[in-house]
$ cat input.txt   # compact mmCIF, C-alpha atoms and all ligand atoms
# COMPACT_ATOMS: atom_id res chain seq x y z
CA MET A 4 -6.98 1.71 15.79
CA THR A 5 -4.25 1.51 13.15
CA GLU A 6 -1.51 4.08 12.67
CA ASP A 7 -3.33 5.28 9.55
CA ASN A 8 -6.55 5.79 11.48
CA LEU A 9 -4.74 7.67 14.21
CA PHE A 10 -3.07 9.87 11.63
CA GLN A 11 -6.35 10.48 9.83
CA THR A 12 -8.03 11.39 13.13
CA PHE A 13 -5.20 13.80 13.87
CA LEU A 14 -5.59 15.44 10.48
CA THR A 15 -9.35 15.71 10.75
CA ILE A 16 -9.67 16.93 14.34
CA ILE A 17 -6.51 18.94 14.82
CA LEU A 18 -5.00 19.98 11.54
CA ALA A 19 -8.10 21.07 9.60
CA PRO A 20 -9.21 23.68 12.20
CA VAL A 21 -5.61 24.82 12.55
CA LEU A 22 -5.38 25.39 8.81
CA ILE A 23 -8.61 27.35 8.71
CA VAL A 24 -7.64 29.45 11.74
CA THR A 25 -4.25 30.01 10.16
CA VAL A 26 -5.88 31.34 7.01
CA LEU A 27 -8.12 33.66 9.03
CA VAL A 28 -5.23 34.97 11.10
CA ALA A 29 -3.12 35.44 7.98
CA LEU A 30 -5.71 37.68 6.35
CA PRO A 31 -4.62 41.35 6.25
CA PRO A 32 -6.33 43.57 8.86
CA ALA A 33 -8.09 45.53 6.10
CA GLN A 34 -9.75 42.34 4.92
CA VAL A 35 -10.82 41.37 8.43
CA ARG A 36 -12.43 44.79 8.84
CA ALA A 37 -14.38 44.08 5.68
CA THR A 38 -16.44 41.42 7.49
CA THR A 39 -19.15 44.03 7.84
CA SER A 40 -19.42 44.29 4.06
CA GLN A 41 -22.39 42.88 2.23
CA PRO A 42 -22.31 39.66 0.17
CA GLY A 43 -21.64 40.51 -3.45
CA SER A 44 -19.70 43.67 -2.66
CA PRO A 45 -16.04 43.98 -3.78
CA GLU A 46 -14.96 44.09 -0.12
CA PHE A 47 -16.80 40.85 0.61
CA ALA A 48 -15.20 39.10 -2.36
CA GLN A 49 -11.81 40.47 -1.35
CA LEU A 50 -12.23 38.93 2.10
CA TRP A 51 -13.64 35.53 1.23
CA ARG A 52 -11.95 34.66 -2.04
CA PRO A 53 -8.56 33.84 -0.48
CA LEU A 54 -10.23 31.91 2.34
CA VAL A 55 -12.40 29.86 0.00
CA LEU A 56 -9.54 29.18 -2.39
CA THR A 57 -7.17 28.19 0.39
CA THR A 58 -9.75 25.94 2.05
CA TYR A 59 -10.57 24.41 -1.34
CA LEU A 60 -6.91 23.61 -1.81
CA TYR A 61 -6.23 22.25 1.66
CA LEU A 62 -9.34 20.26 2.56
CA PRO A 63 -8.95 17.56 -0.10
CA ILE A 64 -5.46 16.98 1.28
CA VAL A 65 -6.63 16.92 4.90
CA PHE A 66 -9.64 14.70 4.33
CA LYS A 67 -8.19 12.48 1.63
CA PRO A 68 -8.79 8.90 2.82
CA LEU A 69 -5.54 7.23 3.77
CA LEU A 70 -6.21 3.87 2.21
CA ASP A 71 -2.83 2.77 1.08
CA PHE A 72 -0.21 0.39 2.38
CA ILE A 73 2.57 1.53 4.66
CA ASN A 74 5.89 0.93 2.92
CA GLY A 75 4.11 -0.62 -0.07
CA ASN A 76 7.25 -0.15 -2.16
CA PHE A 77 9.45 -1.61 0.62
CA GLU A 78 11.88 1.28 0.29
CA GLN A 79 11.71 1.92 4.06
CA GLY A 80 13.33 -1.46 4.61
CA ARG A 81 12.35 -4.16 7.06
CA ASN A 82 9.88 -4.00 9.94
CA VAL A 83 7.95 -1.07 8.52
CA GLY A 84 4.33 -1.85 7.76
CA TRP A 85 4.76 -5.49 6.87
CA THR A 86 4.66 -8.65 8.98
CA GLU A 87 6.93 -11.44 7.77
CA SER A 88 6.83 -15.15 8.43
CA THR A 89 9.12 -17.87 7.12
CA LYS A 90 9.28 -21.57 7.83
CA SER A 91 12.55 -22.94 6.54
CA LYS A 92 14.19 -20.40 4.28
CA CYS A 93 17.26 -20.23 6.51
CA GLY A 94 17.10 -23.54 8.31
CA SER A 95 15.82 -23.00 11.82
CA ASN A 96 16.47 -19.26 11.62
CA PRO A 97 13.82 -16.98 10.11
CA CYS A 98 15.06 -15.05 7.11
CA PRO A 99 14.10 -11.56 6.06
CA LEU A 100 11.51 -11.39 3.33
CA VAL A 101 11.90 -7.66 2.76
CA VAL A 102 15.34 -7.39 1.19
CA ASN A 103 17.62 -5.23 -0.92
CA GLN A 104 19.79 -8.08 -2.12
CA PHE A 105 18.56 -10.53 -4.72
CA PRO A 106 19.67 -13.52 -6.74
CA SER A 107 21.85 -12.80 -9.75
CA GLY A 108 19.85 -11.22 -12.55
CA VAL A 109 17.01 -10.00 -10.30
CA ALA A 110 16.45 -6.44 -9.10
CA ALA A 111 13.57 -4.67 -7.37
CA HIS A 112 10.76 -3.48 -9.62
CA GLY A 113 11.21 0.03 -8.21
CA GLY A 114 13.94 1.44 -5.98
CA SER A 115 16.29 -1.03 -4.34
CA TRP A 116 13.99 -2.99 -1.95
CA ALA A 117 11.33 -5.63 -2.60
CA ALA A 118 9.92 -8.77 -0.97
CA TRP A 119 11.48 -12.15 -1.71
CA LEU A 120 9.31 -15.13 -0.83
CA GLY A 121 10.22 -18.78 -1.32
CA GLY A 122 13.84 -19.46 -2.18
CA ALA A 123 14.04 -22.68 -0.15
CA ASN A 124 12.52 -26.15 -0.20
CA ASN A 125 9.66 -27.03 2.16
CA GLU A 126 9.16 -23.32 2.70
CA THR A 127 6.09 -21.33 3.63
CA SER A 128 6.67 -17.59 3.27
CA GLU A 129 3.99 -15.16 4.36
CA LEU A 130 3.99 -11.39 4.05
CA SER A 131 1.02 -9.50 5.42
CA GLN A 132 -0.39 -6.06 6.16
CA ALA A 133 -3.86 -4.78 7.00
CA VAL A 134 -5.42 -1.74 5.31
CA ASP A 135 -8.72 -0.13 6.27
CA ILE A 136 -10.61 0.78 3.09
CA GLY A 137 -13.73 1.86 5.00
CA ASN A 138 -16.75 1.99 2.73
CA SER A 139 -14.84 3.19 -0.31
CA THR A 140 -15.94 1.62 -3.56
CA GLY A 141 -14.25 0.97 -6.86
CA LEU A 142 -10.85 0.24 -5.33
CA SER A 143 -8.37 -2.36 -6.49
CA LEU A 144 -5.19 -3.86 -5.14
CA SER A 145 -2.22 -3.46 -7.43
CA TYR A 146 1.12 -5.18 -7.07
CA TYR A 147 4.05 -6.24 -9.19
CA HIS A 148 5.27 -9.80 -8.99
CA ARG A 149 7.98 -11.89 -10.55
CA VAL A 150 8.67 -15.60 -10.70
CA GLU A 151 12.13 -17.19 -10.80
CA SER A 152 12.00 -20.98 -10.66
CA ARG A 153 13.79 -24.11 -11.75
CA GLU A 154 10.61 -26.14 -11.64
CA VAL A 155 9.43 -27.45 -15.02
CA SER A 156 6.06 -28.48 -13.62
CA CYS A 157 3.88 -25.68 -12.27
CA ASN A 158 2.14 -27.95 -9.76
CA PHE A 159 4.65 -28.18 -6.91
CA ASP A 160 5.47 -24.63 -5.81
CA TYR A 161 2.93 -21.84 -5.86
CA ALA A 162 2.02 -18.36 -4.67
CA TYR A 163 -1.32 -16.77 -3.94
CA LEU A 164 -2.93 -13.84 -2.17
CA GLN A 165 -5.20 -14.04 0.84
CA ILE A 166 -7.64 -11.40 2.03
CA ASN A 167 -8.93 -11.90 5.55
CA GLY A 168 -7.63 -15.46 5.56
CA ASN A 169 -9.27 -16.55 2.32
CA GLU A 170 -7.41 -17.21 -0.92
CA VAL A 171 -8.47 -14.71 -3.56
CA THR A 172 -9.67 -16.38 -6.75
CA GLY A 173 -7.42 -15.69 -9.70
CA THR A 174 -4.30 -14.85 -7.70
CA ARG A 175 -2.76 -18.34 -7.50
CA ILE A 176 0.25 -18.79 -9.75
CA GLY A 177 2.38 -21.89 -10.16
CA LEU A 178 6.06 -21.18 -9.64
CA CYS A 179 7.82 -22.71 -12.63
CA ASP A 180 10.09 -21.63 -15.44
CA ARG A 181 7.13 -21.18 -17.76
CA TYR A 182 6.09 -18.14 -15.75
CA GLU A 183 9.49 -16.48 -15.63
CA LYS A 184 8.38 -13.34 -17.42
CA GLY A 185 10.07 -10.62 -15.40
CA TRP A 186 8.04 -8.14 -13.40
CA GLU A 187 4.33 -8.09 -14.16
CA GLN A 188 1.54 -6.04 -12.66
CA LYS A 189 -1.38 -7.80 -11.03
CA VAL A 190 -4.61 -5.93 -10.30
CA VAL A 191 -7.21 -7.44 -7.98
CA SER A 192 -10.63 -5.84 -7.64
CA LEU A 193 -11.69 -5.08 -4.08
CA SER A 194 -15.35 -4.93 -5.07
CA GLY A 195 -17.40 -6.53 -2.32
CA TYR A 196 -14.83 -5.78 0.38
CA SER A 197 -15.05 -3.07 3.03
CA GLY A 198 -13.49 -2.15 6.36
CA LEU A 199 -10.20 -3.50 7.63
CA LEU A 200 -8.69 -5.95 5.15
CA SER A 201 -5.79 -8.23 6.01
CA PHE A 202 -3.72 -8.83 2.87
CA LYS A 203 -1.29 -11.73 2.90
CA PHE A 204 1.05 -12.94 0.16
CA VAL A 205 1.73 -16.65 0.58
CA VAL A 206 4.32 -18.87 -1.09
CA LYS A 207 4.61 -22.63 -0.54
CA THR A 208 7.31 -24.84 -1.96
CA ASP A 209 7.78 -28.59 -1.97
CA GLY A 210 10.86 -30.63 -1.02
CA SER A 211 12.98 -30.17 -4.14
CA VAL A 212 13.81 -27.82 -7.03
CA ASN A 213 14.02 -24.17 -6.01
CA SER A 214 11.38 -21.50 -6.67
CA ASN A 215 11.32 -17.80 -5.85
CA TYR A 216 8.57 -15.22 -5.88
CA PHE A 217 9.18 -11.47 -5.69
CA VAL A 218 6.68 -8.73 -4.87
CA ASP A 219 7.08 -4.94 -5.10
CA ASP A 220 5.05 -1.72 -5.33
CA VAL A 221 1.94 -2.92 -3.51
CA SER A 222 -0.79 -0.28 -3.46
CA ILE A 223 -4.49 0.42 -3.36
CA ILE A 224 -5.61 2.10 -6.55
CA ALA A 225 -8.80 3.92 -7.45
CA PRO A 226 -10.40 3.75 -10.90
CA CA B 1 10.75 -1.30 -4.17
CA CA B 2 10.03 -26.96 -5.66
$ encode --input "input.txt" --output "structure tokens"
Amino acid sequence: MTEDNLFQTFLTIILAPVLIVTVLVALPPAQVRATTSQPGSPEFAQLWRPLVLTTYLYLPIVFKPLLDFINGNFEQGRNVGWTESTKSKCGSNPCPLVVNQFPSGVAAHGGSWAAWLGGANNETSELSQAVDIGNSTGLSLSYYHRVESREVSCNFDYAYLQINGNEVTGTRIGLCDRYEKGWEQKVVSLSGYSGLLSFKFVVKTDGSVNSNYFVDDVSIIAP
């Protein structure tokens, strides 16, 4: 069970009854005495209106599906939500992919942290996180990405997205100067997917000419 599922279970089993009991206890004694009143009477409305309104306000919060990424904007820094893997970005030493320092002229899309994949030759950078979307429909993955590359050809270094180990059609982008367009949003439909999804951003570079790929503000969005 993921942290999200544990949290959702806590909210559903513990917090919802606590909220309802809290509302009941908070009712003035005069209103509690009115429980003997008949439906439709002013006393009945006086008793139940605050309870219904409060429950109406709280339940969507309590039962709202928690479908989003942990630390999707990377602002919580490293080792929160995301799993990182690098091959040769720092020689034999793994380098952080979640960073708050960037090459000259590059900044995070939002806040001060983002993911920086690539940035070395013969590199494989992988950044992954699993999200349980249950049986929800109509969802999409949204993320912002940015290419910075010295490659003229777009055939040597590339980035793509995997879901559950399979490359997602339409997400592969060649890393080359032609695609240096600043931050751009990418939206990927999750139609046809359900349950626990393992998202992985992958960058692979060849043996020469540097390429970089940045990702920020990763989220699950509803229509
Ligand atoms: Ca950010
Ligand atoms: Ca290259």
$ residues_near_point --input "input.txt" --point "(-16.5, -6.6, 1.1)" --cutoff "10 Å" --atoms "all atoms listed in the file" --output "PyMOL selection string"
chain A and resi 136-138+140+193-200
$ residues_near_ligand --input "input.txt" --ligand "ligand CA 1 (chain B)" --cutoff "8 Å" --atoms "only C-alpha atoms and all ligand atoms" --output "MDAnalysis selection string"
chainID A and resid 75:78 111:117 219:220
$ residues_near_ligand --input "input.txt" --ligand "ligand CA 2 (chain B)" --cutoff "10 Å" --atoms "only C-alpha atoms and all ligand atoms" --output "mmCIF file with C-alpha atoms, in the coordinates of the input"
data_model
loop_
_atom_site.group_PDB
_atom_site.id
_atom_site.type_symbol
_atom_site.label_atom_id
_atom_site.label_comp_id
_atom_site.auth_asym_id
_atom_site.auth_seq_id
_atom_site.Cartn_x
_atom_site.Cartn_y
_atom_site.Cartn_z
ATOM 1 C CA GLY A 121 10.220 -18.780 -1.320
ATOM 2 C CA GLY A 122 13.840 -19.460 -2.180
ATOM 3 C CA ALA A 123 14.040 -22.680 -0.150
ATOM 4 C CA ASN A 124 12.520 -26.150 -0.200
ATOM 5 C CA ASN A 125 9.660 -27.030 2.160
ATOM 6 C CA GLU A 126 9.160 -23.320 2.700
ATOM 7 C CA SER A 152 12.000 -20.980 -10.660
ATOM 8 C CA ARG A 153 13.790 -24.110 -11.750
ATOM 9 C CA GLU A 154 10.610 -26.140 -11.640
ATOM 10 C CA VAL A 155 9.430 -27.450 -15.020
ATOM 11 C CA SER A 156 6.060 -28.480 -13.620
ATOM 12 C CA CYS A 157 3.880 -25.680 -12.270
ATOM 13 C CA ASN A 158 2.140 -27.950 -9.760
ATOM 14 C CA PHE A 159 4.650 -28.180 -6.910
ATOM 15 C CA ASP A 160 5.470 -24.630 -5.810
ATOM 16 C CA TYR A 161 2.930 -21.840 -5.860
ATOM 17 C CA LEU A 178 6.060 -21.180 -9.640
ATOM 18 C CA CYS A 179 7.820 -22.710 -12.630
ATOM 19 C CA LYS A 207 4.610 -22.630 -0.540
ATOM 20 C CA THR A 208 7.310 -24.840 -1.960
ATOM 21 C CA ASP A 209 7.780 -28.590 -1.970
ATOM 22 C CA GLY A 210 10.860 -30.630 -1.020
ATOM 23 C CA SER A 211 12.980 -30.170 -4.140
ATOM 24 C CA VAL A 212 13.810 -27.820 -7.030
ATOM 25 C CA ASN A 213 14.020 -24.170 -6.010
ATOM 26 C CA SER A 214 11.380 -21.500 -6.670
ATOM 27 C CA ASN A 215 11.320 -17.800 -5.850
#
$ atom_distance --input "input.txt" --atom1 "CA of Asn103 (chain A)" --atom2 "CA of Leu70 (chain A)"
25.7 Å
$ atom_distance --input "input.txt" --atom1 "CA of Gly108 (chain A)" --atom2 "CA of Gln188 (chain A)"
19.0 Å
$ closest_residue --input "input.txt" --among "A:Val102, A:Ile73, A:Val190, A:Ile166" --to "Ser145 (chain A)" --atoms "only C-alpha atoms"
A:Val190
$ atom_distance --input "input.txt" --atom1 "CA of Ser128 (chain A)" --atom2 "CA of Ile223 (chain A)"
22.2 Å
$ closest_residue --input "input.txt" --among "A:Ser88, A:Gln104, A:Asn169, A:Ser143" --to "Glu129 (chain A)" --atoms "all atoms listed in the file"
A:Ser88
$ residues_near_point --input "input.txt" --point "(7.4, -10.2, -1.8)" --cutoff "8 Å" --atoms "all atoms listed in the file" --output "PDB file with C-alpha atoms, keeping the file's coordinate frame"
ATOM      1  CA  LEU A 100      11.510 -11.390   3.330  1.00  0.00           C
ATOM      2  CA  VAL A 101      11.900  -7.660   2.760  1.00  0.00           C
ATOM      3  CA  ALA A 117      11.330  -5.630  -2.600  1.00  0.00           C
ATOM      4  CA  ALA A 118       9.920  -8.770  -0.970  1.00  0.00           C
ATOM      5  CA  TRP A 119      11.480 -12.150  -1.710  1.00  0.00           C
ATOM      6  CA  LEU A 120       9.310 -15.130  -0.830  1.00  0.00           C
ATOM      7  CA  LEU A 130       3.990 -11.390   4.050  1.00  0.00           C
ATOM      8  CA  HIS A 148       5.270  -9.800  -8.990  1.00  0.00           C
ATOM      9  CA  PHE A 204       1.050 -12.940   0.160  1.00  0.00           C
ATOM     10  CA  TYR A 216       8.570 -15.220  -5.880  1.00  0.00           C
ATOM     11  CA  PHE A 217       9.180 -11.470  -5.690  1.00  0.00           C
ATOM     12  CA  VAL A 218       6.680  -8.730  -4.870  1.00  0.00           C
ATOM     13  CA  ASP A 219       7.080  -4.940  -5.100  1.00  0.00           C
TER      14      ASP A 219
END
$ closest_residue --input "input.txt" --among "A:Ser192, A:Thr127, A:Glu187, A:Phe202" --to "Leu142 (chain A)" --atoms "only C-alpha atoms"
A:Ser192
$ closest_residue --input "input.txt" --among "A:Trp85, A:Ser131, A:Tyr147, A:Gly141" --to "Asn167 (chain A)" --atoms "all atoms listed in the file"
A:Ser131
$ closest_residue --input "input.txt" --among "A:Val109, A:Gln132, A:Gly173, A:Tyr163" --to "Trp186 (chain A)" --atoms "only C-alpha atoms"
A:Val109
$ axis_aligned_box --input "input.txt" --around "region 103-112 of chain A" --padding-each-side "5 Å" --output "lines of an AutoDock Vina configuration file"
center_x = 16.3
center_y = -8.5
center_z = -6.7
size_x = 21.1
size_y = 20.0
size_z = 21.6
